[in-house]
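J.: The file below is input.txt, compact mmCIF, C-alpha atoms and all ligand atoms:
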```txt
# COMPACT_ATOMS: atom_id res chain seq x y z
CA MET A 1 27.73 33.07 -17.55
CA ALA A 2 29.90 31.87 -14.69
CA PRO A 3 29.40 28.17 -13.90
CA SER A 4 27.41 27.44 -10.77
CA PRO A 5 29.42 25.85 -7.95
CA GLN A 6 27.88 22.44 -8.82
CA GLN A 7 29.10 22.74 -12.40
CA GLN A 8 32.63 23.66 -11.44
CA GLN A 9 35.20 20.89 -11.73
CA PRO A 10 36.98 20.06 -8.47
CA GLN A 11 40.38 21.73 -8.15
CA GLN A 12 43.08 19.25 -9.14
CA PRO A 13 46.31 19.14 -7.14
CA SER A 14 49.33 20.80 -8.73
CA ILE A 15 51.93 18.34 -9.98
CA LEU A 16 55.70 18.51 -10.10
CA LEU A 17 56.77 15.91 -12.66
CA ILE A 18 60.48 15.11 -12.56
CA GLY A 19 61.83 13.44 -15.72
CA ALA A 20 60.66 13.97 -19.32
CA GLY A 21 61.43 10.50 -20.64
CA THR A 22 59.01 7.77 -21.71
CA PHE A 23 57.07 7.61 -18.44
CA GLY A 24 57.23 11.37 -17.78
CA LEU A 25 55.98 12.47 -21.18
CA SER A 26 53.18 9.92 -21.18
CA THR A 27 52.16 11.15 -17.72
CA ALA A 28 52.26 14.80 -18.80
CA LEU A 29 50.12 14.04 -21.82
CA HIS A 30 47.46 12.18 -19.84
CA LEU A 31 47.25 14.50 -16.84
CA SER A 32 47.09 17.61 -18.98
CA SER A 33 44.24 16.29 -21.10
CA LEU A 34 41.80 15.99 -18.18
CA PRO A 35 38.70 18.18 -18.34
CA SER A 36 40.06 20.29 -15.51
CA PRO A 37 43.78 19.64 -15.64
CA SER A 38 46.24 20.06 -12.84
CA HIS A 39 48.93 22.67 -13.16
CA ILE A 40 51.94 20.60 -14.17
CA THR A 41 55.59 21.60 -13.97
CA LEU A 42 57.79 19.19 -15.92
CA LEU A 43 61.53 19.23 -15.19
CA ASP A 44 64.34 17.36 -16.89
CA ALA A 45 68.08 17.52 -16.30
CA SER A 46 68.77 17.56 -20.02
CA PRO A 47 68.46 20.75 -22.08
CA THR A 48 67.33 18.61 -25.03
CA ILE A 49 64.35 16.23 -24.89
CA PRO A 50 64.41 13.31 -24.88
CA SER A 51 67.46 13.31 -22.68
CA PRO A 52 70.35 11.21 -24.01
CA LEU A 53 70.10 9.32 -20.69
CA SER A 54 66.46 8.40 -21.25
CA ALA A 55 65.93 4.79 -22.36
CA GLY A 56 63.59 6.18 -25.01
CA HIS A 57 66.43 8.17 -26.57
CA ASP A 58 66.79 5.49 -29.16
CA LEU A 59 66.02 5.14 -32.85
CA THR A 60 63.50 2.36 -32.28
CA LYS A 61 61.74 0.27 -29.64
CA ILE A 62 59.97 -3.06 -30.10
CA VAL A 63 56.17 -3.29 -29.88
CA ARG A 64 55.03 -6.87 -29.31
CA ALA A 65 52.46 -8.67 -27.19
CA GLU A 66 54.33 -11.90 -26.49
CA TYR A 67 54.06 -12.05 -22.72
CA GLU A 68 53.90 -15.21 -20.64
CA ASP A 69 51.58 -13.28 -18.36
CA ALA A 70 48.22 -12.46 -19.99
CA PHE A 71 47.98 -9.30 -17.88
CA TYR A 72 50.80 -7.68 -19.89
CA ALA A 73 49.74 -9.28 -23.18
CA ASP A 74 46.35 -7.58 -22.81
CA LEU A 75 47.99 -4.25 -22.01
CA ALA A 76 50.35 -4.57 -24.98
CA LEU A 77 47.37 -5.21 -27.27
CA ALA A 78 45.55 -2.19 -25.88
CA ALA A 79 48.68 -0.11 -26.39
CA MET A 80 49.04 -1.37 -29.97
CA ALA A 81 45.50 -0.28 -30.76
CA ARG A 82 46.43 3.21 -29.57
CA TRP A 83 49.72 3.21 -31.49
CA ALA A 84 47.79 2.46 -34.64
CA ALA A 85 44.89 4.87 -34.14
CA ASP A 86 46.06 7.93 -32.20
CA PRO A 87 46.96 10.72 -34.63
CA LEU A 88 49.85 11.86 -32.43
CA LEU A 89 51.33 8.37 -32.10
CA ALA A 90 50.53 6.60 -35.36
CA PRO A 91 53.02 8.47 -37.61
CA HIS A 92 55.83 7.01 -35.49
CA TYR A 93 54.53 3.43 -35.37
CA ARG A 94 55.65 0.86 -37.93
CA PRO A 95 53.58 -2.35 -37.66
CA VAL A 96 56.06 -4.41 -39.68
CA GLY A 97 55.68 -7.58 -37.57
CA TYR A 98 58.10 -9.54 -35.44
CA LEU A 99 60.33 -12.38 -36.56
CA LEU A 100 61.38 -14.25 -33.44
CA GLY A 101 63.59 -17.33 -33.36
CA ASN A 102 66.84 -18.94 -32.39
CA SER A 103 70.02 -19.63 -34.29
CA ALA A 104 71.14 -23.26 -34.58
CA ALA A 105 73.54 -22.74 -31.68
CA ALA A 106 70.93 -21.52 -29.17
CA GLY A 107 70.88 -23.03 -25.71
CA ALA A 108 68.00 -24.52 -23.76
CA LYS A 109 66.87 -21.30 -22.04
CA SER A 110 66.66 -19.43 -25.30
CA ARG A 111 64.62 -22.22 -26.87
CA ARG A 112 62.30 -22.36 -23.89
CA SER A 113 61.76 -18.61 -24.11
CA LEU A 114 60.81 -18.91 -27.77
CA GLU A 115 58.29 -21.69 -27.06
CA ARG A 116 56.71 -19.63 -24.30
CA SER A 117 56.51 -16.56 -26.51
CA LEU A 118 54.70 -18.50 -29.21
CA ARG A 119 52.38 -20.15 -26.69
CA SER A 120 51.50 -16.74 -25.25
CA ILE A 121 49.96 -15.52 -28.51
CA GLU A 122 48.97 -18.53 -30.65
CA ALA A 123 45.64 -19.21 -28.99
CA ARG A 124 44.56 -15.56 -28.91
CA ALA A 125 42.11 -14.06 -31.38
CA PRO A 126 44.31 -11.47 -33.13
CA TRP A 127 46.77 -14.20 -34.18
CA GLN A 128 44.36 -16.90 -35.36
CA GLY A 129 45.73 -18.27 -38.64
CA ARG A 130 48.30 -15.51 -38.88
CA ILE A 131 51.46 -16.92 -37.30
CA VAL A 132 53.94 -18.33 -39.80
CA ALA A 133 56.46 -21.00 -38.75
CA VAL A 134 59.92 -20.09 -40.04
CA GLU A 135 62.63 -22.76 -40.34
CA GLY A 136 65.95 -22.05 -42.04
CA GLY A 137 67.36 -19.27 -44.22
CA ASP A 138 64.98 -19.59 -47.17
CA ALA A 139 61.95 -19.43 -44.91
CA VAL A 140 63.39 -16.37 -43.18
CA ARG A 141 63.83 -14.68 -46.55
CA ARG A 142 60.17 -15.30 -47.42
CA VAL A 143 59.11 -13.01 -44.56
CA ALA A 144 62.20 -10.80 -44.48
CA PRO A 145 63.57 -10.41 -47.98
CA GLY A 146 67.00 -8.86 -47.93
CA LEU A 147 68.38 -11.00 -45.11
CA ASP A 148 71.11 -12.84 -46.95
CA GLY A 149 72.95 -14.61 -44.13
CA PRO A 150 73.21 -18.40 -43.79
CA MET A 151 70.65 -18.74 -40.96
CA ASP A 152 71.07 -22.55 -41.29
CA GLY A 153 69.01 -24.23 -38.61
CA TRP A 154 67.42 -20.93 -37.64
CA SER A 155 64.06 -21.75 -36.15
CA GLY A 156 61.18 -19.53 -35.08
CA TYR A 157 58.03 -17.80 -36.26
CA PHE A 158 56.74 -14.61 -37.84
CA ASN A 159 54.10 -12.65 -35.94
CA PRO A 160 52.44 -10.00 -38.12
CA VAL A 161 50.66 -8.31 -35.19
CA ALA A 162 53.67 -6.36 -33.88
CA GLY A 163 56.25 -3.85 -34.98
CA TYR A 164 58.25 -0.97 -33.61
CA VAL A 165 58.11 2.72 -32.78
CA ARG A 166 60.58 5.37 -33.87
CA ALA A 167 61.17 6.13 -30.23
CA LYS A 168 63.28 9.29 -30.09
CA GLU A 169 61.22 10.87 -32.84
CA LEU A 170 57.97 10.02 -31.04
CA LEU A 171 59.17 11.46 -27.72
CA GLY A 172 60.32 14.63 -29.50
CA ALA A 173 56.90 15.01 -31.13
CA VAL A 174 55.12 14.49 -27.80
CA TRP A 175 57.43 17.02 -26.15
CA GLU A 176 56.44 19.62 -28.75
CA VAL A 177 52.77 19.00 -27.94
CA VAL A 178 53.23 18.91 -24.18
CA LYS A 179 55.13 22.16 -23.99
CA GLY A 180 52.32 23.98 -25.79
CA LEU A 181 49.55 22.71 -23.51
CA PRO A 182 47.79 25.17 -21.24
CA GLY A 183 48.60 24.49 -17.61
CA VAL A 184 51.91 22.82 -18.42
CA GLU A 185 55.18 24.55 -17.68
CA VAL A 186 58.27 22.78 -19.01
CA LYS A 187 61.76 23.31 -17.64
CA PRO A 188 64.42 21.40 -19.61
CA GLY A 189 67.99 21.72 -18.33
CA GLU A 190 66.85 21.76 -14.69
CA LYS A 191 68.64 18.99 -12.82
CA VAL A 192 66.92 18.06 -9.59
CA VAL A 193 69.47 17.31 -6.88
CA ARG A 194 67.11 16.64 -4.00
CA LEU A 195 63.49 16.38 -3.02
CA GLU A 196 62.19 18.69 -0.30
CA TYR A 197 60.14 17.45 2.63
CA GLU A 198 58.10 19.12 5.36
CA GLY A 199 57.52 16.53 8.06
CA ASP A 200 56.13 13.43 6.36
CA ARG A 201 55.14 15.29 3.18
CA CYS A 202 57.17 15.77 0.02
CA VAL A 203 56.58 19.38 -0.99
CA GLY A 204 58.84 19.84 -3.99
CA ALA A 205 62.38 19.68 -5.31
CA VAL A 206 65.56 21.74 -5.50
CA THR A 207 67.69 21.93 -8.64
CA GLU A 208 71.44 22.08 -9.10
CA ALA A 209 71.10 25.78 -9.98
CA GLY A 210 69.35 26.35 -6.64
CA ALA A 211 65.79 26.80 -7.97
CA ARG A 212 63.02 25.49 -5.75
CA TYR A 213 59.81 24.01 -7.19
CA VAL A 214 56.82 23.24 -5.01
CA ALA A 215 53.63 21.30 -5.76
CA ASP A 216 50.86 19.36 -4.07
CA VAL A 217 52.13 16.10 -5.57
CA VAL A 218 55.62 15.20 -6.77
CA VAL A 219 55.78 12.46 -9.42
CA LEU A 220 59.20 10.89 -10.03
CA THR A 221 59.64 9.61 -13.58
CA VAL A 222 63.43 9.43 -13.73
CA GLY A 223 63.72 5.81 -14.88
CA ALA A 224 66.85 3.99 -13.82
CA SER A 225 68.14 7.06 -11.94
CA VAL A 226 65.37 6.87 -9.33
CA GLY A 227 67.79 5.74 -6.57
CA ARG A 228 69.65 9.04 -6.75
CA LEU A 229 66.61 11.10 -5.68
CA LEU A 230 64.85 8.42 -3.68
CA PRO A 231 67.46 6.35 -1.82
CA SER A 232 64.66 4.64 0.15
CA ILE A 233 63.78 2.69 -2.98
CA GLY A 234 66.95 0.75 -2.13
CA ARG A 235 67.50 -2.41 -4.10
CA GLN A 236 63.94 -2.61 -5.47
CA VAL A 237 65.29 -1.07 -8.67
CA ALA A 238 68.67 -1.83 -10.22
CA ALA A 239 69.92 0.14 -13.20
CA ARG A 240 70.83 -2.38 -15.91
CA SER A 241 72.05 -1.54 -19.39
CA TRP A 242 72.16 -3.13 -22.84
CA SER A 243 74.31 -2.32 -25.84
CA VAL A 244 73.06 -0.46 -28.89
CA ALA A 245 75.09 -0.16 -32.10
CA HIS A 246 74.36 1.04 -35.64
CA VAL A 247 75.70 0.39 -39.11
CA GLN A 248 75.57 3.14 -41.72
CA LEU A 249 73.91 1.79 -44.89
CA THR A 250 73.95 3.08 -48.41
CA GLU A 251 70.71 4.10 -50.08
CA GLU A 252 70.60 0.84 -52.00
CA GLU A 253 71.21 -1.27 -48.88
CA ALA A 254 68.57 0.62 -46.91
CA SER A 255 65.95 0.22 -49.61
CA ARG A 256 66.68 -3.53 -49.83
CA LEU A 257 65.85 -3.88 -46.11
CA LYS A 258 62.88 -1.51 -46.06
CA GLY A 259 59.85 -3.08 -44.39
CA ILE A 260 61.61 -6.08 -42.82
CA PRO A 261 60.08 -7.22 -39.54
CA VAL A 262 61.83 -6.58 -36.25
CA THR A 263 64.13 -9.61 -36.27
CA TYR A 264 65.11 -11.10 -32.93
CA SER A 265 67.32 -14.15 -32.68
CA ARG A 266 66.70 -14.77 -28.99
CA ASP A 267 70.19 -16.14 -28.40
CA LEU A 268 72.07 -13.51 -30.43
CA GLY A 269 70.14 -10.26 -30.50
CA TYR A 270 67.93 -8.15 -32.72
CA PHE A 271 67.76 -5.47 -35.39
CA PHE A 272 65.22 -3.27 -37.14
CA GLU A 273 64.49 -2.01 -40.61
CA PRO A 274 66.91 0.84 -41.39
CA ASP A 275 65.97 4.32 -40.28
CA PRO A 276 64.52 6.01 -43.40
CA ASP A 277 66.14 9.40 -42.64
CA THR A 278 69.64 8.43 -41.58
CA ARG A 279 69.82 4.91 -43.14
CA LEU A 280 71.18 3.62 -39.83
CA LEU A 281 70.59 -0.03 -39.06
CA LYS A 282 70.20 -0.48 -35.29
CA VAL A 283 71.61 -3.73 -33.88
CA CYS A 284 71.39 -4.88 -30.23
CA PRO A 285 72.97 -8.00 -28.75
CA SER A 286 70.81 -10.00 -26.34
CA GLY A 287 72.08 -10.88 -22.90
CA ALA A 288 71.39 -10.23 -19.26
CA GLY A 289 72.80 -6.69 -19.28
CA PHE A 290 75.37 -4.68 -17.35
CA THR A 291 74.90 -3.15 -13.91
CA ASN A 292 76.83 -0.34 -12.25
CA TYR A 293 76.80 -1.04 -8.52
CA VAL A 294 78.20 1.78 -6.40
CA LYS A 295 80.17 0.37 -3.45
CA GLU A 296 79.11 3.02 -0.91
CA THR A 297 75.36 2.60 -1.47
CA GLY A 298 75.11 -0.97 -2.77
CA ILE A 299 72.77 0.35 -5.48
CA SER A 300 73.19 0.14 -9.26
CA VAL A 301 72.72 3.52 -10.98
CA PRO A 302 73.36 4.71 -14.55
CA ARG A 303 76.77 6.12 -15.45
CA GLU A 304 77.28 9.63 -16.77
CA ASP A 305 79.19 8.53 -19.86
CA ASN A 306 77.36 5.85 -21.78
CA ASP A 307 78.73 6.17 -25.29
CA PHE A 308 80.71 2.96 -25.39
CA LEU A 309 80.25 -0.79 -25.83
CA PRO A 310 81.34 -3.02 -22.94
CA ALA A 311 84.08 -5.52 -23.76
CA GLY A 312 82.92 -8.35 -26.01
CA GLN A 313 79.82 -6.49 -27.21
CA GLU A 314 81.26 -5.41 -30.55
CA GLU A 315 81.87 -9.06 -31.34
CA ALA A 316 78.32 -9.88 -30.20
CA VAL A 317 76.94 -7.28 -32.65
CA ARG A 318 79.08 -8.66 -35.48
CA LYS A 319 77.84 -12.19 -34.72
CA ILE A 320 74.24 -11.07 -35.33
CA LEU A 321 75.31 -9.48 -38.61
CA ARG A 322 77.24 -12.58 -39.70
CA GLU A 323 74.13 -14.71 -39.19
CA HIS A 324 71.66 -12.36 -40.93
CA LEU A 325 73.53 -9.75 -42.98
CA PRO A 326 77.11 -10.95 -43.48
CA GLY A 327 77.93 -8.22 -46.00
CA LEU A 328 77.71 -5.71 -43.14
CA ALA A 329 79.58 -7.74 -40.53
CA ASP A 330 82.90 -5.94 -40.88
CA ARG A 331 81.56 -2.40 -41.24
CA PRO A 332 82.38 0.25 -38.65
CA LEU A 333 79.86 0.42 -35.82
CA VAL A 334 78.60 3.95 -35.20
CA ASP A 335 76.62 5.75 -32.46
CA CYS A 336 77.40 2.99 -29.99
CA LYS A 337 76.07 3.27 -26.46
CA ILE A 338 74.58 1.46 -23.53
CA CYS A 339 70.91 2.08 -22.76
CA TRP A 340 69.82 2.05 -19.11
CA CYS A 341 66.67 0.33 -17.87
CA ALA A 342 65.20 0.23 -14.34
CA ASP A 343 65.01 -3.45 -13.47
CA THR A 344 62.88 -4.85 -10.65
CA ALA A 345 63.17 -8.31 -9.08
CA ASP A 346 60.00 -9.59 -10.76
CA SER A 347 60.03 -7.38 -13.92
CA GLU A 348 56.87 -5.64 -12.67
CA TYR A 349 56.67 -1.86 -12.99
CA ILE A 350 56.48 0.28 -9.84
CA ILE A 351 53.66 2.85 -10.00
CA ASP A 352 52.77 3.83 -6.46
CA PHE A 353 52.76 6.38 -3.67
CA VAL A 354 55.93 6.13 -1.61
CA PRO A 355 54.85 4.60 1.70
CA GLY A 356 55.34 6.80 4.75
CA THR A 357 55.61 9.97 2.63
CA LYS A 358 52.60 12.03 1.61
CA GLY A 359 52.45 13.57 -1.86
CA LEU A 360 55.20 11.52 -3.49
CA VAL A 361 54.62 9.09 -6.37
CA VAL A 362 57.20 6.89 -8.05
CA VAL A 363 56.77 5.63 -11.61
CA SER A 364 59.71 3.41 -12.51
CA GLY A 365 60.76 -0.23 -12.84
CA ASP A 366 60.31 -0.44 -16.62
CA SER A 367 62.37 -3.66 -16.47
CA GLY A 368 63.22 -3.32 -20.14
CA HIS A 369 59.70 -3.89 -21.45
CA ALA A 370 57.80 -0.63 -21.07
CA PHE A 371 58.30 1.61 -24.08
CA LYS A 372 55.51 -0.13 -25.97
CA MET A 373 53.17 0.91 -23.14
CA PHE A 374 53.77 4.63 -23.74
CA PRO A 375 50.15 5.21 -24.83
CA LEU A 376 48.87 3.84 -21.50
CA VAL A 377 51.37 4.72 -18.75
CA GLY A 378 50.05 8.22 -18.03
CA GLY A 379 46.54 6.77 -17.67
CA TRP A 380 47.82 4.40 -15.00
CA VAL A 381 49.35 7.34 -13.12
CA LYS A 382 46.06 9.24 -13.37
CA ASP A 383 44.18 6.20 -12.01
CA LEU A 384 46.62 6.04 -9.09
CA LEU A 385 46.20 9.74 -8.28
CA ASP A 386 42.40 9.44 -8.49
CA ALA A 387 42.25 6.34 -6.29
CA GLY A 388 44.81 7.55 -3.74
CA GLU A 389 46.31 4.07 -3.57
CA GLN A 390 47.53 1.39 -5.98
CA SER A 391 44.85 -1.27 -6.43
CA ILE A 392 47.04 -3.29 -8.83
CA ALA A 393 49.14 -5.27 -6.35
CA ARG A 394 51.93 -6.09 -8.80
CA TRP A 395 52.70 -2.37 -9.34
CA ARG A 396 53.00 -1.52 -5.65
CA TRP A 397 56.15 -0.37 -3.90
CA LYS A 398 58.10 -3.60 -3.32
CA GLU A 399 59.43 -3.09 0.19
CA GLY A 400 62.41 -5.31 0.84
CA ALA A 401 62.59 -6.75 -2.68
CA SER A 402 65.98 -6.92 -4.32
CA ALA A 403 66.21 -6.55 -8.10
CA GLY A 404 68.26 -9.08 -10.01
CA GLY A 405 65.94 -12.05 -10.38
CA GLU A 406 65.74 -14.52 -13.22
CA VAL A 407 64.10 -13.10 -16.37
CA SER A 408 62.78 -15.76 -18.72
CA TRP A 409 63.50 -13.91 -21.98
CA ARG A 410 67.12 -13.08 -21.15
CA VAL A 411 70.06 -15.33 -21.85
CA GLY A 412 73.51 -15.23 -20.26
CA THR A 413 74.56 -13.63 -17.01
CA THR A 414 74.61 -10.03 -15.83
CA ARG A 415 78.04 -8.43 -15.51
CA ASP A 416 78.90 -5.34 -13.52
CA LEU A 417 80.77 -2.56 -15.28
CA ASN A 418 83.00 -2.15 -12.22
CA GLU A 419 83.96 -5.79 -11.90
CA ALA A 420 86.44 -5.72 -14.73
CA THR A 421 87.86 -2.40 -15.82
CA GLU A 422 88.23 -3.60 -19.38
CA LEU A 423 84.42 -3.78 -19.66
CA ALA A 424 84.06 -0.02 -19.47
CA THR A 425 86.07 0.81 -22.55
O1 LIG B 1 59.68 -5.35 -24.74
C1 LIG B 1 60.57 -5.71 -25.50
O2 LIG B 1 60.40 -6.55 -26.37
C2 LIG B 1 61.91 -5.11 -25.32
S1 LIG B 1 63.10 -6.33 -25.58
C3 LIG B 1 64.59 -5.43 -25.69
C4 LIG B 1 65.53 -5.60 -24.53
O3 LIG B 1 66.82 -5.28 -25.00
C5 LIG B 1 65.53 -7.00 -23.96
O4 LIG B 1 65.97 -7.90 -24.93
C6 LIG B 1 66.43 -7.05 -22.74
O5 LIG B 1 66.34 -8.30 -22.12
C7 LIG B 1 66.03 -5.98 -21.77
O6 LIG B 1 64.78 -6.26 -21.19
C8 LIG B 1 66.02 -4.63 -22.42
O7 LIG B 1 65.18 -4.66 -23.57
```
Here is a file; write its structure as structure tokens.
T.:
Amino acid sequence: MAPSPQQQQPQQPSILLIGAGTFGLSTALHLSSLPSPSHITLLDASPTIPSPLSAGHDLTKIVRAEYEDAFYADLALAAMARWAADPLLAPHYRPVGYLLGNSAAAGAKSRRSLERSLRSIEARAPWQGRIVAVEGGDAVRRVAPGLDGPMDGWSGYFNPVAGYVRAKELLGAVWEVVKGLPGVEVKPGEKVVRLEYEGDRCVGAVTEAGARYVADVVVLTVGASVGRLLPSIGRQVAARSWSVAHVQLTEEEASRLKGIPVTYSRDLGYFFEPDPDTRLLKVCPSGAGFTNYVKETGISVPREDNDFLPAGQEEAVRKILREHLPGLADRPLVDCKICWCADTADSEYIIDFVPGTKGLVVVSGDSGHAFKMFPLVGGWVKDLLDAGEQSIARWRWKEGASAGGEVSWRVGTTRDLNEATELAT
């Protein structure tokens, strides 16, 4: 029997979703699982998903709830519950804990950041009686057997309520699900070159190949590249990148490090348990990142070629290894790259309608701390579409703001890849 008009679900607007990275795939998943889903067209410039340019195109991403701001700590906890319980997500989540500290040489900012991180979780229920103080190499080895570096004067704590996600693998698995969903049409390899407007309404997008896609609502989930399609975002978002390197381990070395917590020496950088399939150990130096300001526009955008380490970064990777795993410190570094994030001035995400334009939503501003929120992001986009405006003030369009503010968990200073040519080698 045909449903009566009262029983029929209201017609949802059609959606053109541009960008199949972390934010885009989460959005596709949430919007397509509504009782009466919108028709969604999902485009990405890359023929393979996740795109190598996506920040989520990475072996691993940290999942932790240390946030000075309880708003994000609560969200991270909610996300963690989903990582652990959702049958699509859980196989890619490794709740191995988080070992956070400073080497003996750490400066004042790094030490302050560590204190604040500890303070942000120690009084909260999930951590009661579970945080372990870790001072010196032997104490490190009690929570992370296999780390055989000196770590003299290393000082920090072990948080068992944390871990990491096998990021690229997770996004690939979600992509497989999304592309089979009714009402979702996926178009990898379609590079959007401009949005199309009729008066004050965004009506769709045009690709490099000349295809035109139209929809009731256009949702931009292109991460750090948002300025290319939406120049009016101006300096609210600055593309900023961090180095990623790997060391190839033998089977014996990988099994010795299996199950170690995500280990982050705030002043030096961090690494993860080796990837079980490839036996790659991912190592990332800390720092304030690298921008790529374009003179003509005054905006920092990602580069096309990102498979390199900026000058000095190889040494920074080796310094982490010398402290924690000295036997690996002189090994070749493989699969090196810089990973682009979309930084905002206040590290708040931007999830909002673009003011002055009807039918255009921007979801960006990950600020280097959003992958862990993958289980929730699409729900936030759905809430925004339902409400018609952003009720969460911190996620609104930040007219006039200029990214590049002080971030409490970052040490050092930002450098621009164009400032010194030797950086981009
Ligand atoms: O949410 C997280 O714990 C991610 S930290 C990883 C990192 O490389 C930062 O250390 C860096 O400051 C930047 O935010 C990119 O992400």
J.: Write as a list in words the residues around ligand LIG 1 (chain B), taking 6 Å as the cut-off and counting all atoms listed in the file.
T.: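 Residues lying within 6 Å of ligand LIG 1 (chain B): Ile62, Ser286, Ser367, Gly368, His369 and Arg410 of chain A.
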J.: Could you turn the residues from that selection into a file that holds C-alpha atoms, as a JSON list (two decimals), keeping the file's coordinate frame?
T.:
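Once everything was written out, this is again-v3.json:
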```json
[["chain", "number", "residue", "atom", "x", "y", "z"],
["A", 62, "ILE", "CA", 59.97, -3.06, -30.10],
["A", 286, "SER", "CA", 70.81, -10.00, -26.34],
["A", 367, "SER", "CA", 62.37, -3.66, -16.47],
["A", 368, "GLY", "CA", 63.22, -3.32, -20.14],
["A", 369, "HIS", "CA", 59.70, -3.89, -21.45],
["A", 410, "ARG", "CA", 67.12, -13.08, -21.15]]
```
J.: Which residue out of A:Lys337, A:Arg394, A:His39, A:His92 has the minimum interatomic distance to Val63 (chain A) when all atoms listed in the file are used?
T.: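 The shortest atom-to-atom distance to Val63 (chain A) comes from A:His92.
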J.: Using all atoms listed in the file, I'd like a table of the residues in region 6-96 of chain A that come within 7 Å of region 162-178 of chain A; for each, show the closest atom pair and its distance in Å rounded to one decimal, ordered by chain and ascending number, as a Markdown table.
T.:
```
| residue | atom | partner | partner_atom | distance |
| --- | --- | --- | --- | --- |
| A:Leu25 | CA | A:Trp175 | CA | 6.9 |
| A:Ala28 | CA | A:Val178 | CA | 6.8 |
| A:Leu29 | CA | A:Val178 | CA | 6.2 |
| A:Ile49 | CA | A:Gly172 | CA | 6.3 |
| A:Pro50 | CA | A:Leu171 | CA | 6.2 |
| A:Gly56 | CA | A:Ala167 | CA | 5.8 |
| A:His57 | CA | A:Lys168 | CA | 4.9 |
| A:Asp58 | CA | A:Lys168 | CA | 5.3 |
| A:Leu59 | CA | A:Arg166 | CA | 5.5 |
| A:Thr60 | CA | A:Arg166 | CA | 4.5 |
| A:Lys61 | CA | A:Val165 | CA | 5.4 |
| A:Ile62 | CA | A:Tyr164 | CA | 4.4 |
| A:Val63 | CA | A:Tyr164 | CA | 4.9 |
| A:Arg64 | CA | A:Ala162 | CA | 4.8 |
| A:Leu89 | CA | A:Leu170 | CA | 6.9 |
| A:His92 | CA | A:Arg166 | CA | 5.3 |
| A:Tyr93 | CA | A:Val165 | CA | 4.5 |
| A:Arg94 | CA | A:Tyr164 | CA | 5.4 |
| A:Pro95 | CA | A:Gly163 | CA | 4.1 |
| A:Val96 | CA | A:Gly163 | CA | 4.7 |
```
J.: Within 7 Å of (57.4, 3.8, -23.2), all atoms listed in the file: residues as a list of chain:residue names?
T.: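 Result, sorted by chain then residue number: A:Thr22, A:Phe23, A:Gly56, A:Ala370, A:Phe371, A:Lys372, A:Met373, A:Phe374.
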J.: Just the residues within 10 Å of Glu406 (chain A), please, counting all atoms listed in the file, with nothing from its chain fewer than 2 positions along; format it as a ChimeraX atom specification.
T.: /A:288,345-347,403-404,408-411,413
J.: Mind checking which residues fall within 6 Å of region 241-252 of chain A, counting all atoms listed in the file, ignoring those fewer than 6 positions away in the same chain, and posting them as a list in words?
T.: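 With the cut-off at 6 Å, the set is Arg279, Leu280, Leu281, Lys282, Val283, Cys284, Gly289, Phe290, Leu333, Val334, Cys336, Lys337, Ile338, Cys339, Trp340 and Cys341 of chain A.
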